[in-house]
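*Asks:* One structure is given below, represented as structure tokens, and several questions about it will come after.
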Amino acid sequence: MAAASEYKTKVTLPSDREILITREFDAPRDVVFKAMIDPALISRWWGPRGHTTRVDKMEVRPGGAWRYISGTSAADETAFRGEYREIKAPERIVQTFEWEPMAGHISVDTATLIERDGRTLLTVRSLFASKEDRDGMVQSGMEKGLAETHDRFAELLAELRAETRSGAR
Amino acid sequence: MSALAEPNRLQIVELLRRKPLAVGEIVERLGLHQPQVSKHLRVLSEAGLVEVRPVGQLRIYRIRAQALKELDTWLDPYRRTWDERFDQLDDVLRDLKEKDKGKRNGRRK
């Protein structure tokens, strides 16, 4: 499990069709860049916590395809894919992003790495085809968050039930 | 938050997040008709998302602080998804730096 970081991710909506994500990392940018283009490393951090993420395809060159499969088991696996548009080591990656169950809703994600005093500021700018697509993406986070809340609630209920049972004994 | 379900209204809220504006300025920026904008502003203010203050001849609309909190609530799960991903990236970076250090120490020996 990842340790809580001293750095926090910022998310803003600079325009109707964009999401801007920024985060600072305590590492030089060639190291951050490597973690973004190495399949063995991507599978360790890209997917949600508790998910296994496999790299099906990762052709890191302009026009090259990428595809990751992520899930907690075979039953809930889901795939993400896209195409690399630009690779400029160690400062810029432009790639498209598409979630296969929502194919056709494609965003263009530009990752920019700026190094300062041995630290890296990573900016990801997601540009969507429409405002509806962008809002849908934000919303999908909400659904996931909601699902997690429900999971936690279910766990809590299970704990309470266990406590009640042991108390009755 | 249902007042924000209408795309133009969410857009008005996003405009007002940046700075308070008069109705005319909102009309201009969104390219909508004035009666439409006025209607949206009425819904937003009834929902408690925006408030109005007369300044001279103008009616200046701005976001209520509570509403900002709600927009952040809307963005928060999405932000947390990225935060979680980047916390995991932090761990990977720490490992890479450790390995790099090990290599350099090895060379010195």
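The way I read the labels, and the way they are meant: chains A, B, ... in the order of the structure tokens, residue 1 as the first residue of every chain, and ligand 1 as the first ligand shown, with later ones counted on from there.
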Would you list the contacts of Arg44 of chain A as a ChimeraX atom specification, taking every protein, DNA or RNA residue within 8 Å and counting only C-alpha atoms, but skipping same-chain residues closer than 5 positions in sequence?
*Replies:* /A:53 /B:88-89,92
*Asks:* How about saving the chosen residues, C-alpha atoms kept, as a compact mmCIF listing (two decimals), in the first residue's frame?
*Replies:*
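The resulting file, again32.txt, is reproduced below:
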```txt
# COMPACT_ATOMS: atom_id res chain seq x y z
CA THR A 53 -2.91 -3.75 -13.86
CA GLN B 88 1.62 4.69 -5.79
CA LEU B 89 3.89 6.46 -8.28
CA VAL B 92 7.86 3.51 -7.45
```
*Asks:* Hey, which bits of chain B sit within 12 Å of chain A, and for each residue what's the closest pair of atoms and how far apart in Å (one decimal), counting only C-alpha atoms, rows by chain and increasing number, as a tab-separated table?
*Replies:*
```
residue	atom	partner	partner_atom	distance
B:Leu4	CA	A:Asp135	CA	11.2
B:Ala5	CA	A:Asp135	CA	10.2
B:Glu6	CA	A:Glu132	CA	10.6
B:Pro7	CA	A:Glu132	CA	7.9
B:Asn8	CA	A:Lys131	CA	10.3
B:Leu10	CA	A:Asp16	CA	9.5
B:Gln11	CA	A:Asp16	CA	7.3
B:Ile12	CA	A:Asp16	CA	10.7
B:Val13	CA	A:Asp16	CA	11.3
B:Glu14	CA	A:Leu13	CA	8.2
B:Leu15	CA	A:Ser15	CA	9.2
B:Arg17	CA	A:Leu13	CA	10.4
B:Arg18	CA	A:Pro14	CA	9.8
B:Leu30	CA	A:Asp16	CA	11.0
B:Leu71	CA	A:Thr12	CA	10.6
B:Asp72	CA	A:Val11	CA	9.3
B:Thr73	CA	A:Met142	CA	9.2
B:Trp74	CA	A:Met142	CA	7.1
B:Leu75	CA	A:Val138	CA	6.5
B:Asp76	CA	A:Met142	CA	7.8
B:Pro77	CA	A:Met142	CA	5.0
B:Tyr78	CA	A:Gly141	CA	4.3
B:Arg79	CA	A:Val11	CA	5.9
B:Arg80	CA	A:Thr9	CA	7.9
B:Thr81	CA	A:Gly141	CA	6.8
B:Trp82	CA	A:Thr9	CA	6.9
B:Asp83	CA	A:Thr9	CA	5.3
B:Glu84	CA	A:Arg49	CA	6.9
B:Arg85	CA	A:Trp46	CA	5.7
B:Phe86	CA	A:Trp45	CA	7.3
B:Asp87	CA	A:Ala2	CA	5.7
B:Gln88	CA	A:Trp45	CA	4.8
B:Leu89	CA	A:Trp45	CA	5.1
B:Asp90	CA	A:Phe25	CA	6.9
B:Asp91	CA	A:Ala2	CA	6.2
B:Val92	CA	A:Leu41	CA	7.1
B:Leu93	CA	A:Ala27	CA	6.7
B:Arg94	CA	A:Ala27	CA	7.9
B:Asp95	CA	A:Val31	CA	10.4
B:Leu96	CA	A:Val31	CA	7.2
B:Lys97	CA	A:Ala27	CA	7.6
B:Glu98	CA	A:Ala27	CA	11.1
B:Lys99	CA	A:Val31	CA	11.3
B:Asp100	CA	A:Val31	CA	9.8
```
*Asks:* Just asking: which residues within segment 88-143 of chain A are helix (DSSP H, G or I) according to DSSP, as a PyMOL selection string?
*Replies:* chain A and resi 100-102+131-143
*Asks:* Would you kindly return, as a list of chain:residue names, each protein, DNA or RNA residue with an atom no farther than 8 Å from any atom of segment 49-63 of chain B, considering only C-alpha atoms and excluding same-chain residues fewer than 4 positions away?
*Replies:*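 Those residues are B:Val13, B:Leu16, B:Arg17, B:Lys19, B:Pro20, B:Leu21, B:Ala22, B:Val23, B:Leu41, B:Leu44, B:Ser45, B:Ala67, B:Leu68.
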*Asks:* Could you pull out the strand (DSSP E or B) residues of chain B, going by DSSP on the backbone, and write them as a VMD selection string?
*Replies:* chain B and resid 21 to 22 50 to 55 58 to 63
*Asks:* Please measure the separation of atom CA of Thr123 of chain A and atom CA of Ser107 of chain A, giving the value in Å to one decimal.
*Replies:*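 Distance between the two atoms: 15.2 Å.
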*Asks:* Go through A:Ala65, A:Ile19, A:Val55, A:Leu113 one by one, measure the shortest atom-to-atom distance of each to Arg125 of chain A using only C-alpha atoms, and give the residue with the smallest value.
*Replies:*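 Result for the nearest residue to Arg125 of chain A: A:Ile19.
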